[in-house]
file input-v1.pdb (PDB, C-alpha atoms)
ATOM      1  CA  MET A 269    -128.948  -9.438 -10.644
ATOM      2  CA  SER A 270    -132.409 -10.799 -10.035
ATOM      3  CA  TYR A 271    -133.202  -8.564  -7.069
ATOM      4  CA  LEU A 272    -133.036  -4.799  -6.554
ATOM      5  CA  ARG A 273    -131.550  -5.248  -3.094
ATOM      6  CA  ASP A 274    -128.789  -7.458  -4.477
ATOM      7  CA  SER A 275    -127.822  -4.844  -7.084
ATOM      8  CA  ALA A 276    -127.724  -2.199  -4.358
ATOM      9  CA  MET A 277    -125.662  -4.412  -2.041
ATOM     10  CA  THR A 278    -123.287  -5.119  -4.922
ATOM     11  CA  ALA A 279    -122.739  -1.381  -5.237
ATOM     12  CA  ALA A 280    -122.256  -1.050  -1.479
ATOM     13  CA  VAL A 281    -119.855  -3.960  -1.019
ATOM     14  CA  LEU A 282    -117.832  -3.553  -4.217
ATOM     15  CA  GLY A 283    -117.674   0.220  -3.726
ATOM     16  CA  PHE A 284    -116.276  -0.255  -0.225
ATOM     17  CA  PHE A 285    -113.671  -2.741  -1.430
ATOM     18  CA  ALA A 286    -112.769  -0.596  -4.446
ATOM     19  CA  SER A 287    -111.937   2.183  -2.009
ATOM     20  CA  SER A 288    -109.837  -0.259   0.018
ATOM     21  CA  TRP A 289    -107.853  -1.322  -3.058
ATOM     22  CA  PHE A 290    -107.275   2.303  -4.075
ATOM     23  CA  GLY A 291    -106.001   2.830  -0.536
ATOM     24  CA  TRP A 292    -103.670  -0.167  -0.740
ATOM     25  CA  ALA A 293    -102.335   1.220  -4.025
ATOM     26  CA  GLN A 294    -101.069   4.256  -2.117
ATOM     27  CA  GLU A 295     -98.136   2.266  -0.761
ATOM     28  CA  ARG A 296     -95.385   4.126  -2.627
ATOM     29  CA  PRO A 297     -97.169   4.898  -5.916
ATOM     30  CA  PRO A 298     -95.777   7.407  -8.382
ATOM     31  CA  THR A 299     -96.490  10.941  -7.134
ATOM     32  CA  ARG A 300     -98.774  11.639 -10.099
ATOM     33  CA  TRP A 301    -101.015   8.707  -9.029
ATOM     34  CA  LYS A 302    -101.857  10.086  -5.585
ATOM     35  CA  ALA A 303    -104.674  12.439  -6.637
ATOM     36  CA  PRO A 304    -106.379   9.892  -8.942
ATOM     37  CA  LEU A 305    -106.099   7.184  -6.270
ATOM     38  CA  THR A 306    -107.627   9.505  -3.678
ATOM     39  CA  ALA A 307    -110.387  10.474  -6.109
ATOM     40  CA  GLY A 308    -111.020   6.781  -6.805
ATOM     41  CA  SER A 309    -111.301   6.066  -3.083
ATOM     42  CA  VAL A 310    -113.743   8.931  -2.525
ATOM     43  CA  ALA A 311    -115.851   8.100  -5.603
ATOM     44  CA  SER A 312    -115.945   4.446  -4.564
ATOM     45  CA  LEU A 313    -117.185   5.361  -1.099
ATOM     46  CA  LEU A 314    -119.882   7.572  -2.633
ATOM     47  CA  VAL A 315    -121.069   4.672  -4.810
ATOM     48  CA  ALA A 316    -120.966   2.409  -1.745
ATOM     49  CA  ALA A 317    -123.082   4.911   0.218
ATOM     50  CA  VAL A 318    -125.657   5.131  -2.572
ATOM     51  CA  GLY A 319    -125.822   1.340  -2.713
ATOM     52  CA  ALA A 320    -126.185   1.055   1.053
ATOM     53  CA  VAL A 321    -129.032   3.580   1.171
ATOM     54  CA  VAL A 322    -130.908   1.937  -1.710
ATOM     55  CA  ALA A 323    -130.407  -1.512  -0.152
ATOM     56  CA  TRP A 324    -131.635  -0.309   3.227
ATOM     57  CA  ARG A 325    -134.709   1.313   1.680
ATOM     58  CA  ASN A 326    -135.508  -1.903  -0.231
ATOM     59  CA  TRP A 327    -134.442  -4.493   2.319
ATOM     60  CA  SER A 328    -137.790  -6.312   2.298
ATOM     61  CA  THR A 329    -137.872  -6.721  -1.494
ATOM     62  CA  GLY A 330    -135.997 -10.022  -1.456
ATOM     63  CA  SER A 331    -132.553 -11.345  -2.245
ATOM     64  CA  ALA A 332    -130.908 -14.318  -3.890
ATOM     65  CA  LEU A 333    -129.526 -15.025  -0.424
ATOM     66  CA  GLY A 334    -133.102 -15.615   0.724
ATOM     67  CA  GLU A 335    -133.289 -18.770  -1.390
ATOM     68  CA  PRO A 336    -133.025 -22.059   0.538
ATOM     69  CA  GLY A 337    -129.412 -22.870   1.343
ATOM     70  CA  ALA A 338    -128.008 -19.761  -0.343
ATOM     71  CA  MET A 339    -126.854 -18.030   2.827
ATOM     72  CA  ARG A 340    -125.102 -21.215   3.947
ATOM     73  CA  GLN A 341    -123.315 -21.512   0.592
ATOM     74  CA  TYR A 342    -122.375 -17.836   0.765
ATOM     75  CA  GLY A 343    -120.920 -18.291   4.245
ATOM     76  CA  ILE A 344    -118.932 -21.349   3.216
ATOM     77  CA  ILE A 345    -117.474 -19.595   0.152
ATOM     78  CA  VAL A 346    -116.496 -16.512   2.166
ATOM     79  CA  GLY A 347    -115.064 -18.684   4.958
ATOM     80  CA  VAL A 348    -112.956 -20.702   2.526
ATOM     81  CA  GLU A 349    -111.859 -17.473   0.814
ATOM     82  CA  PHE A 350    -110.712 -15.934   4.093
ATOM     83  CA  GLY A 351    -108.970 -19.156   5.131
ATOM     84  CA  ILE A 352    -107.057 -19.511   1.871
ATOM     85  CA  ALA A 353    -106.170 -15.810   1.846
ATOM     86  CA  ALA A 354    -104.897 -15.999   5.431
ATOM     87  CA  LEU A 355    -102.880 -19.182   4.890
ATOM     88  CA  GLY A 356    -101.308 -17.789   1.741
ATOM     89  CA  ALA A 357    -100.567 -14.464   3.417
ATOM     90  CA  ALA A 358     -98.930 -16.260   6.338
ATOM     91  CA  GLY A 359     -96.808 -18.304   3.930
ATOM     92  CA  ILE A 360     -95.824 -15.189   2.002
ATOM     93  CA  ALA A 361     -94.855 -13.438   5.245
ATOM     94  CA  LEU A 362     -92.830 -16.422   6.447
ATOM     95  CA  TRP A 363     -91.142 -16.589   3.051
ATOM     96  CA  GLY A 364     -90.252 -12.898   3.457
ATOM     97  CA  ARG A 365     -91.964 -11.860   0.226
ATOM     98  CA  GLN A 366     -94.513  -9.336   1.491
ATOM     99  CA  ARG A 367     -94.519  -7.599  -1.889
ATOM    100  CA  TYR A 368     -96.647 -10.515  -3.150
ATOM    101  CA  LEU A 369     -99.445  -9.927  -0.610
ATOM    102  CA  ALA A 370    -101.571  -7.634  -2.799
ATOM    103  CA  PRO A 371    -101.434  -9.917  -5.864
ATOM    104  CA  TRP A 372    -102.168 -12.963  -3.671
ATOM    105  CA  ILE A 373    -105.196 -11.381  -2.016
ATOM    106  CA  CYS A 374    -106.442 -10.107  -5.384
ATOM    107  CA  LEU A 375    -106.092 -13.608  -6.853
ATOM    108  CA  VAL A 376    -108.064 -15.188  -4.021
ATOM    109  CA  VAL A 377    -110.757 -12.505  -4.251
ATOM    110  CA  GLY A 378    -110.985 -12.938  -8.015
ATOM    111  CA  VAL A 379    -111.305 -16.706  -7.841
ATOM    112  CA  HIS A 380    -113.941 -16.524  -5.080
ATOM    113  CA  PHE A 381    -116.355 -14.761  -7.437
ATOM    114  CA  TRP A 382    -116.699 -17.856  -9.640
ATOM    115  CA  PRO A 383    -118.474 -20.031  -7.047
ATOM    116  CA  MET A 384    -120.253 -16.921  -5.749
ATOM    117  CA  ALA A 385    -121.871 -16.089  -9.124
ATOM    118  CA  PRO A 386    -124.484 -18.884  -9.051
ATOM    119  CA  VAL A 387    -125.234 -18.327  -5.362
ATOM    120  CA  LEU A 388    -125.973 -14.647  -5.981
ATOM    121  CA  ARG A 389    -127.555 -15.413  -9.374
ATOM    122  CA  SER A 390    -125.267 -12.912 -11.034
ATOM    123  CA  PRO A 391    -123.397 -14.082 -14.150
ATOM    124  CA  SER A 392    -121.531 -10.749 -14.193
ATOM    125  CA  LEU A 393    -119.547 -12.001 -11.199
ATOM    126  CA  TYR A 394    -117.810 -14.493 -13.516
ATOM    127  CA  ALA A 395    -116.486 -11.535 -15.499
ATOM    128  CA  LEU A 396    -115.496  -9.699 -12.309
ATOM    129  CA  GLY A 397    -113.666 -12.792 -11.074
ATOM    130  CA  ALA A 398    -111.861 -13.208 -14.381
ATOM    131  CA  LEU A 399    -110.793  -9.559 -14.489
ATOM    132  CA  LEU A 400    -109.481  -9.587 -10.920
ATOM    133  CA  THR A 401    -107.622 -12.837 -11.591
ATOM    134  CA  VAL A 402    -105.974 -11.255 -14.641
ATOM    135  CA  VAL A 403    -105.074  -8.190 -12.537
ATOM    136  CA  ALA A 404    -103.476 -10.427  -9.905
ATOM    137  CA  LEU A 405    -101.491 -12.473 -12.414
ATOM    138  CA  ALA A 406    -100.427  -9.499 -14.535
ATOM    139  CA  SER A 407     -99.448  -7.254 -11.631
ATOM    140  CA  VAL A 408     -96.238  -9.134 -10.836
ATOM    141  CA  PRO A 409     -94.640  -8.887 -14.308
ATOM    142  CA  VAL A 410     -96.045  -5.383 -14.854
ATOM    143  CA  SER A 411     -94.505  -4.184 -11.594
ATOM    144  CA  ARG A 412     -91.156  -5.738 -12.523
ATOM    145  CA  VAL A 413     -91.079  -4.103 -15.947
ATOM    146  CA  SER A 414     -92.363  -0.721 -14.737
ATOM    147  CA  GLY A 415     -90.433  -0.544 -11.466
ATOM    148  CA  LEU A 416     -93.672   0.161  -9.559
ATOM    149  CA  THR A 417     -94.609  -1.628  -6.362
ATOM    150  CA  GLN A 418     -96.898  -4.618  -6.785
ATOM    151  CA  SER A 419     -99.340  -3.070  -4.320
ATOM    152  CA  ALA A 420     -99.606   0.076  -6.457
ATOM    153  CA  VAL A 421    -100.163  -1.867  -9.666
ATOM    154  CA  THR A 422    -102.556  -4.388  -8.108
ATOM    155  CA  GLY A 423    -104.435  -1.860  -6.001
ATOM    156  CA  ALA A 424    -104.976   0.669  -8.782
ATOM    157  CA  ALA A 425    -106.146  -1.959 -11.257
ATOM    158  CA  ALA A 426    -108.308  -3.905  -8.779
ATOM    159  CA  GLY A 427    -109.801  -0.668  -7.454
ATOM    160  CA  THR A 428    -110.685   0.415 -10.982
ATOM    161  CA  VAL A 429    -112.311  -2.920 -11.853
ATOM    162  CA  LEU A 430    -114.283  -3.027  -8.600
ATOM    163  CA  PHE A 431    -115.342   0.614  -8.982
ATOM    164  CA  GLY A 432    -116.681  -0.153 -12.449
ATOM    165  CA  PHE A 433    -118.749  -3.093 -11.220
ATOM    166  CA  ALA A 434    -119.915  -1.151  -8.153
ATOM    167  CA  THR A 435    -121.066   1.691 -10.371
ATOM    168  CA  TRP A 436    -122.862  -0.784 -12.621
ATOM    169  CA  GLY A 437    -124.628  -2.204  -9.548
ATOM    170  CA  ALA A 438    -125.635   1.283  -8.401
ATOM    171  CA  VAL A 439    -127.008   2.207 -11.820
ATOM    172  CA  ALA A 440    -128.950  -1.082 -11.976
ATOM    173  CA  ALA A 441    -130.383  -0.452  -8.511
ATOM    174  CA  LEU A 442    -131.423   3.111  -9.360
ATOM    175  CA  THR A 443    -133.064   2.308 -12.707
TER     176      THR A 443
END

call {"tool": "encode", "arguments": {"input": "input-v1.pdb", "output": "structure tokens"}}
result
Amino acid sequence: MSYLRDSAMTAAVLGFFASSWFGWAQERPPTRWKAPLTAGSVASLLVAAVGAVVAWRNWSTGSALGEPGAMRQYGIIVGVEFGIAALGAAGIALWGRQRYLAPWICLVVGVHFWPMAPVLRSPSLYALGALLTVVALASVPVSRVSGLTQSAVTGAAAGTVLFGFATWGAVAALT
């Protein structure tokens, strides 16, 4: 990322959402997964806290979102993401296939990083988007073959990917 604050905010935001995905994975995971999922949630929140503190302490250093039109583009992308996620989730609920909610949300989140990468001037977000898209698409067949819930498979994998990128953001912000 071009700006210290953006690296720190990446750690804060992705760390928070990594913790959320680890939490979602706790919907009927194998018993042996519970401790690692809890540890992932706690570690993710610690990375998020570090990112938030560093961002707060460096708030005036600038951000890609300070560029003309960037905040508007960011808002549009997030708005479209939330709209598509909500419409798909409503359709999934009406269809009676709630087990597909986690993969659907993961897919939408993954795809949203592609238009977000140029706005935030962070090519690494293309890789994050690709990895989360693969997680979303692979979680359905993996859950079928393994007998695990789709939320456990999707949440554990998405949480791990997001934790990795959050940690990378924290390290970049601290060095």

call {"tool": "closest_residue", "arguments": {"input": "input-v1.pdb", "among": "A:Ala424, A:Pro371, A:Gly337, A:Ile344", "to": "Ser407 (chain A)", "atoms": "only C-alpha atoms"}}
result
A:Pro371

call {"tool": "atom_distance", "arguments": {"input": "input-v1.pdb", "atom1": "CA of Leu333 (chain A)", "atom2": "CA of Arg273 (chain A)"}}
result
10.3 Å

call {"tool": "closest_residue", "arguments": {"input": "input-v1.pdb", "among": "A:Phe381, A:Phe290, A:Trp372, A:Phe431", "to": "Ala354 (chain A)", "atoms": "all atoms listed in the file"}}
result
A:Trp372

call {"tool": "resolve_selection", "arguments": {"input": "input-v1.pdb", "expression": "the PyMOL selection byres ((chain A and resi 270) around 10)", "output": "VMD selection string"}}
result
chain A and resid 269 271 to 275 330 to 332 388 to 390

call {"tool": "atom_distance", "arguments": {"input": "input-v1.pdb", "atom1": "CA of Ala307 (chain A)", "atom2": "CA of Gly291 (chain A)"}}
result
10.4 Å

call {"tool": "closest_atom_pairs", "arguments": {"input": "input-v1.pdb", "of": "region 317-366 of chain A", "to": "region 373-380 of chain A", "cutoff": "8 Å", "atoms": "all atoms listed in the file", "output": "CSV"}}
result
residue,atom,partner,partner_atom,distance
A:Ile345,CA,A:His380,CA,7.0
A:Val346,CA,A:His380,CA,7.7
A:Glu349,CA,A:His380,CA,6.3
A:Ile352,CA,A:Val376,CA,7.4
A:Ala353,CA,A:Ile373,CA,6.0
A:Ala357,CA,A:Ile373,CA,7.8

call {"tool": "residues_around", "arguments": {"input": "input-v1.pdb", "residues": "Val321 (chain A)", "least_positions_apart": "4", "cutoff": "9 Å", "atoms": "only C-alpha atoms", "output": "MDAnalysis selection string"}}
result
chainID A and resid 276 280 316:317 325:326

call {"tool": "write_last_selection", "arguments": {"input": "input-v1.pdb", "atoms": "C-alpha atoms", "output": "PDB file, in the frame of the given file"}}
result
ATOM      1  CA  ALA A 276    -127.724  -2.199  -4.358  1.00  0.00           C
ATOM      2  CA  ALA A 280    -122.256  -1.050  -1.479  1.00  0.00           C
ATOM      3  CA  ALA A 316    -120.966   2.409  -1.745  1.00  0.00           C
ATOM      4  CA  ALA A 317    -123.082   4.911   0.218  1.00  0.00           C
ATOM      5  CA  ARG A 325    -134.709   1.313   1.680  1.00  0.00           C
ATOM      6  CA  ASN A 326    -135.508  -1.903  -0.231  1.00  0.00           C
TER       7      ASN A 326
END
